[in-house]
Each structure stands twice: as structure tokens, then as C-alpha cells.
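Here is the structure we will look at, set down as C-alpha cells.
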Amino acid sequence: MILYNSLTRNKDRFVPRESGKVSMYTCGPTVYHYAHIGNLRSYIMEDILEKYFRYIGYDVKRVMNITDVGHLTSDGDVGEDKMLKGAKREHKTVLEIAKFYTDAFFSDCEKLNIKKPEICEPATSCIDQFIKLIQTLLDKGYAYSAGGNIYFDTSKLEKYYVFGDFSEEDLEVGVRETVEADGNKRNKADFVLWFTKSKFDDQELKWDSPFGVGYPGWHIECSAIASKHLGEYLDIHCGGIDNAFPHHTNEIAQSESAFGHAWCNYWFHVHHLNTAGGKMSKSKGEFLTVSLLEERGYNPLAYRFFCLQSHYRKNLVFSWENLDNAATAFNKLISRIAQLDESGEVDPVKFEEGKKLLTDALDNDLNTSLAVTALYDVFKLDTNGKTKLALLANFDRVLSLDLIRLADECRKTKDEPQAAECDAQLLSYINEMIEARAAAKKNKDFATADKIRNELLEKGIVIKDTREGTKFEIL
């Protein structure tokens with residue numbers, strides 16, 4: 001398998017440290033509000049990656065953090081804690097906010113068929129691990145105290161920014177306009193490991209520590225949680241591209257300084273979901289959630305399909321028109337699957353041949369757009385419907401689009417037109433045209449019958465007369 005590695009900026013062959021096993025870490029949500037669909041694009045792609053690792057035979061141990069303390073509104077380690085901001089907004093405690101939005105996040109994941117990692121660790125349960133890691137950095141001379149806080153000293157590193165080439169000027173404050181300078185820092189690129197009450201007297205969650213009563217910085221969380229469950233070495237670390245700097249950069253800096261060796265071999269970054277106005281973000285008010293999609297009548301899996309149609313390293317532009325097009329294509333795909341004949345036996349030779357369509361796509365830097373094309377290529381295989389259905393079910397172990405379940409429901413629409421997850425309107429139209437054609441043939445009005453056939457064909461619908469009646473296929 002070949003994956004683009006943000007660390008080397010090359011497509012590298014994926015080789016885990018231990019044969020047959022993959023240690024995988026995923027940056028989890030900050031649970032101060034609902035996840036928007038831009039956030040969830042990253043989790044969809046990480047879900048595909050994990051499931052494909054398992055598909056090709058790896059034993060995967062995946063860990064994800066839940067940020068319920070410490071993530072500030074600015075990446076420059078200043079501003080209000082996002083969790084405290086959420087608590088004030090809704091007049092609840094931070095822990096109440098964390099519980100509610102953690103549950104909401106996993107509910108959205110379930111609707112999108114995103115598998116929950118085996119280990120999901122809230123930051124508030126790992127304070128001892130954070131303190132231990134910070135103390136190690138202090139003892140080794142990589143951290144210092146200033147203004148009541150503990151900072152990481154980036155001047156001790158040979159190279160701080162490891163994901164690309166940035167100038168000293170670029171790194172003075174950060175790469176985002178919202179980052180502000182902190183006068184306590186020795187160097188402008190330094191970042192906070194521990195905040196104390198001297199700076200955040202209104203902080204609800206605080207703990208005793210050798211550094212003073214306070215709470216951890218955002219960046220220390222992932223290093224400590226990852227090492228707690230996966231040890232000092234990671235095979236692959238995942239997250240959105242906006243986390244590459246400063247968050248993942250800081251993770252590498254503190255982890256490798258504490259451990260004394262290289263930490264993670266592969267970095268997998270998913271690019272943005274944009275709207276016409278640019279990157280989707282909660283602060284801009286472009287708050288598109290899974291619940292909103294459902295309110296507008298979309299199956300959440302149509303959004304998953306929309307995401308799979310694009311490569312994870314390309315920015316994806318969201319519009320209602322683009323989602324409509326994806327939903328239409330998804331419904332047509334389900335309808336085509338519903339028309340496959342289930343008789344016969346699975347052809348093992350053709351089945352193995354067909355599986356290569358998927359592995360060729362996903363071995364090539366997890367190219368889900370080619371994997372979607374592979375779904376359509378299954379229909380072209382010179383084999384029976386039973387084998388095609390088996391292949392589609394096999395592909396869905398990774399793609400997780402509920403293809404077979406939805407196709408089964410689609411078959412029932414003739415008797416149950418209310419079945420929502422198939423394009424019932426299209427099926428109703430097709431059935432009406434087939435009935436009208438049958439009536440025309442019965443009346444020996446063959447010109448009308450041919451006209452109906454041609455009209456359907458122009459819409460990509462082929463009808464076939466069989467002993468069991470007229471059947472159709474959507475091209």
C-alpha cells in the first residue's frame with residue numbers, strides 16, 4: 001500500500017514497525033459544540049483508512065482523544081478555553097457540555113457508518129500522564145516556567161516545523177491570522193504545556209500539579225494519550241490538514257524531545273471541506289451538521305458517498321447542488337444493485353478478479369474516487385449477479401455505504417413506495433412507464449410502446465422483457 005506521508009512529502013510504501021500490526025492515532029473532537037460536516041469529512045476518511053488496513057489483513061489498534069479541556073480559541077495559546085466558552089453559551093458546566101457533545105459526536109459518526117475507535121480517551125482522565133510528560137520535558141531542558149505557565153522551548157530543536165519549509169517570519173506568531181503574541185515566551189514559536197490559575201482564574205476545571213494549580217495545554221494531550229495506549233512509537237497519526245501546524249508540529253516536538261527518538265513514521269492529513277466562501281468553520285456561522293442534512297431529507301450516507309467521490313488530499317467544495325448530484329448518483333447506484341439477479345453461485349475466480357478493482361484503488365494513496373469507480377466496474381464484469389452482489393458486499397466492508405441493505409429496501413419499493421432510502425420517485429416513474437408500455441402492447445399500439453422504450457433509454461434506463469415480466473436496468 002502506498003500512502004502520501006506529510007512528514008516526507010512523498011508517497012511512501014506503508015510498512016508498520018511490527019509485522020501484521022498497525023498502531024494508529026486519530027486527533028479527536030473538541031466537544032464544545034456539534035461537529036460540522038467539514039470536521040466529519042476527516043473522520044470518514046480516517047474510517048476508510050482503518051477499515052482498509054483491516055481489510056488487507058492488519059491487526060489495528062486505534063486510539064482517539066476527546067478534548068474536553070485545554071483547547072483555546074487561539075492557536076497561539078491565548079484566548080478563552082473552547083470548553084468554557086461552550087459552557088457559558090449554554091449555561092451548563094464544562095462536564096455537562098463535554099458529555100452532551102461527545103454523545104452527539106458519536107451519534108453523528110454512527111449515522112455516517114464511522115467506526116468508533118477501540119480506545120477513546122477524554123483529556124480530563126489523563127492529567128497524571130500530562131504532568132509526567134511535562135516534568136520529563138522540564139528535566140531534559142526542553143521546557144521552562146514563565147508568567148506562571150510552563151512552555152516548550154522550540155529553540156532547543158534543530159528543526160521545529162517538520163511538515164514544510166517556512167521562514168522565521170512565518171513562524172513568528174503562527175500561520176493563522178487569529179494567533180496573538182504571548183509576552184511570556186522566550187521564542188515566538190514556543191507553546192504552552194501547562195496553564196496556571198495565575199492566568200485563568202475563571203477556569204472551571206483545574207488540577208494540582210508541581211507547576212501550580214491549573215490545566216494542560218491542548219498539544220500535550222495527544223502525545224500523552226497516544227503514549228499511554230500505544231507506547232513511544234506510532235505507525236500512523238491522522239487528522240485534518242489544519243492540525244499540521246501548530247498542533248501536530250508541537251506533538252512531534254514534545255514527543256521526540258521527551259522520548260529521545262523518532263516518534264511517528266507516517267502522517268495522514270485530510271484536506272478541507274470548503275463552501276463557496278472558503279473553509280467551513282463554526283466561527284463563520286457555516287454550521288452544517290448531520291442533523292441539518294437529515295432535516296433537509298438527505299440520507300447521511302449520501303454525504304459519505306459525496307466525500308468518497310473526491311480524494312482526501314484535495315479540498316472538496318460543498319454546495320447543496322453538489323450534494324444533490326451525489327445523492328442522485330447514490331440512489332441510482334442502489335437501484336442498479338437492486339436489479340441484480342441473486343440466482344446462481346459465486347464464481348471464486350471472478351470474485352478474486354473483482355476484488356483487485358478495490359485494492360488497486362485503495363493501495364494507490366487511498367484513492368476513494370477510484371474505489372467508487374470500482375463499484376460501477378463490478379457491473380461490467382462478465383459474471384453472474386450473485387458474484388457481483390458478493391463483490392459489492394465485500395467492497396462495503398471498507399466503503400461502508402450499506403449498499404446491500406439499501407438495495408434490499410429498494411426492491412421492496414414496488415410494494416412499499418414509502419421506503420425512503422431508495423429513489424422512490426424515480427422507481428415510481430419507471431413502473432408507471434412500464435405499465436403504460438404494457439397497456440400499449442396489449443392494445444397492439446406498438447408505436448407508443450417503442451416511444452416509451454426510447455424515452456426511458458434517453459434517461460439511461462434499459463428495459464428488458466423476460467418470462468417473469470419486464471425488468472429494467474439504470475445505466
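We name chains A, B, ... following the order of the C-alpha cells; residues begin at 1 in each chain, and ligands are numbered from 1 as shown.
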* Non-local contacts of range 34-36 of chain A (6 Å; only C-alpha atoms; under 6 positions in same chain excluded) as a ChimeraX atom specification -> /A:287-289
Selected residues written out with N, CA and C atoms, as a CSV table (one decimal), in the first residue's frame:
chain,number,residue,atom,x,y,z
A,287,PHE,N,-22.6,26.5,9.8
A,287,PHE,CA,-22.7,25.3,10.8
A,287,PHE,C,-23.6,24.3,10.2
A,288,LEU,N,-23.0,23.5,9.2
A,288,LEU,CA,-23.8,22.4,8.6
A,288,LEU,C,-23.5,21.1,9.3
A,289,THR,N,-24.5,20.6,9.9
A,289,THR,CA,-24.4,19.4,10.7
A,289,THR,C,-25.1,18.2,10.0
* **DSSP alpha helix (DSSP H) selection over range 37-171 of chain A, as number ranges by chain** => A: 37-55, 82-90, 94-111, 127-139
* Enumerate the residues of range 203-376 of chain A with a DSSP assignment of strand (DSSP E or B), computed from the backbone, and present them as a list of chain:residue names. =>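 So the strand (DSSP E or B) residues in range 203-376 of chain A would be A:Trp207, A:Gly214, A:Tyr215, A:Pro216, A:Leu234, A:Asp235, A:Ile236, A:His237, A:Cys238, A:Gly239, A:Gly240, A:Cys264, A:Asn265, A:Tyr266, A:Trp267, A:Phe268, A:His269, A:Val270, A:Leu273, A:Asn274, A:Thr275, A:Gly278, A:Lys279, A:Leu316, A:Val317, A:Asn364.
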What's around range 340-345 of chain A at 12 Å? Count only C-alpha atoms, leave out sequence neighbours fewer than 3 positions away in its own chain, and write the answer as a PDB file with C-alpha atoms, in the first residue's frame.
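File selection-v9.pdb, as written:
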ATOM      1  CA  LEU A 333     -26.305   3.043  -7.685  1.00  0.00           C
ATOM      2  CA  ILE A 334     -28.583   1.461  -5.090  1.00  0.00           C
ATOM      3  CA  SER A 335     -31.263   0.983  -7.744  1.00  0.00           C
ATOM      4  CA  ARG A 336     -28.799  -0.778 -10.032  1.00  0.00           C
ATOM      5  CA  ILE A 337     -27.751  -3.108  -7.239  1.00  0.00           C
ATOM      6  CA  PRO A 348     -14.499 -17.690  -6.963  1.00  0.00           C
ATOM      7  CA  VAL A 349     -12.239 -16.782  -9.887  1.00  0.00           C
ATOM      8  CA  LYS A 350     -14.298 -13.744 -10.892  1.00  0.00           C
ATOM      9  CA  PHE A 351     -14.683 -12.794  -7.241  1.00  0.00           C
ATOM     10  CA  VAL A 378     -18.333  -4.535 -10.894  1.00  0.00           C
ATOM     11  CA  PHE A 379     -21.443  -4.293 -13.078  1.00  0.00           C
ATOM     12  CA  THR A 383     -20.100 -12.926 -14.352  1.00  0.00           C
ATOM     13  CA  ASN A 384     -23.449 -13.580 -12.723  1.00  0.00           C
ATOM     14  CA  GLY A 385     -25.425 -11.327 -10.385  1.00  0.00           C
ATOM     15  CA  LYS A 386     -24.653 -13.441  -7.341  1.00  0.00           C
ATOM     16  CA  THR A 387     -20.926 -12.843  -7.785  1.00  0.00           C
ATOM     17  CA  LYS A 388     -21.467  -9.123  -8.356  1.00  0.00           C
ATOM     18  CA  LEU A 389     -23.554  -8.842  -5.204  1.00  0.00           C
ATOM     19  CA  ALA A 390     -20.876 -10.703  -3.247  1.00  0.00           C
ATOM     20  CA  LEU A 392     -20.303  -5.234  -3.677  1.00  0.00           C
ATOM     21  CA  ILE A 404     -26.795  -4.378   0.154  1.00  0.00           C
ATOM     22  CA  ALA A 407     -30.695  -2.373  -2.239  1.00  0.00           C
ATOM     23  CA  ASP A 408     -32.873  -4.848  -0.329  1.00  0.00           C
ATOM     24  CA  CYS A 410     -35.106  -0.628  -2.725  1.00  0.00           C
ATOM     25  CA  ARG A 411     -36.505  -3.937  -4.021  1.00  0.00           C
ATOM     26  CA  LYS A 471     -37.294  -5.687 -15.846  1.00  0.00           C
ATOM     27  CA  PHE A 472     -35.130  -2.593 -16.061  1.00  0.00           C
ATOM     28  CA  GLU A 473     -31.541  -1.506 -15.557  1.00  0.00           C
ATOM     29  CA  ILE A 474     -30.330   2.025 -14.818  1.00  0.00           C
TER      30      ILE A 474
END
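For the atom pair formed by CA of Met83 in chain A and CA of Glu110 in chain A, the distance is 23.5 Å, given to one decimal.
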* Asked: Near Phe191 in chain A, counting only C-alpha atoms, which residues have an atom at most 9 Å away, once you skip same-chain residues fewer than 5 positions from it, shown as a ChimeraX atom specification?
  -> /A:76-77,150-154,185,217,219,250
* To do: Pick out the residues sitting within 12 Å of Gly57 in chain A, and hand them over as a list of chain:residue names; count only C-alpha atoms, and ignore anything fewer than 6 positions along from it in its own chain.
  => A:Met1, A:Ser19, A:Gly20, A:Lys21, A:Val22, A:Glu50, A:Lys51
* To do: Find the spatial neighbours of Asp377 in chain A, counting only C-alpha atoms, within a cut-off of 10 Å - ignore same-chain residues fewer than 4 positions away - and output them as a PyMOL selection string.
  => chain A and resi 354+357-358+371-373+381+388
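Ranking A:Ala329, A:Cys126, A:Ile225, A:Ala253 by their shortest atom-to-atom distance to Ala143 in chain A, with only C-alpha atoms included, puts A:Ala253 first.
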* Which residue, A:Leu457, A:Ala338, A:Ile463, A:Val15, has the smallest gap to Ile434 in chain A when you use only C-alpha atoms? ->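 Result for the nearest residue to Ile434 in chain A: A:Ile463.
Of the residues listed (A:Ala189, A:Ile461, A:Ala87, A:Cys109), A:Cys109 shows the shortest atom-to-atom separation from Arg41 in chain A; distances use only C-alpha atoms.
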* Name the residues in contact with Leu273 in chain A at a cut-off of 12 Å, using only C-alpha atoms, excluding same-chain residues fewer than 4 positions from it; report them as a count of residues only. => 30
* Which residue out of A:Pro210, A:Lys99, A:Ile430, A:Phe268 has the minimum interatomic distance to Gly460 in chain A when only C-alpha atoms are used? -> A:Ile430
* When distances are computed from only C-alpha atoms, which of A:Ile236, A:Leu293, A:Val213, A:Ala276 shows the smallest separation from Trp194 in chain A? ->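 The closest residue to Trp194 in chain A is A:Val213.
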* To do: Could you check which of A:Arg405, A:His272, A:Arg453, A:Lys228 is closest to Lys441 in chain A, using only C-alpha atoms?
  =>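 Going through A:Arg405, A:His272, A:Arg453, A:Lys228 one by one, the smallest distance to Lys441 in chain A is for A:Arg453.
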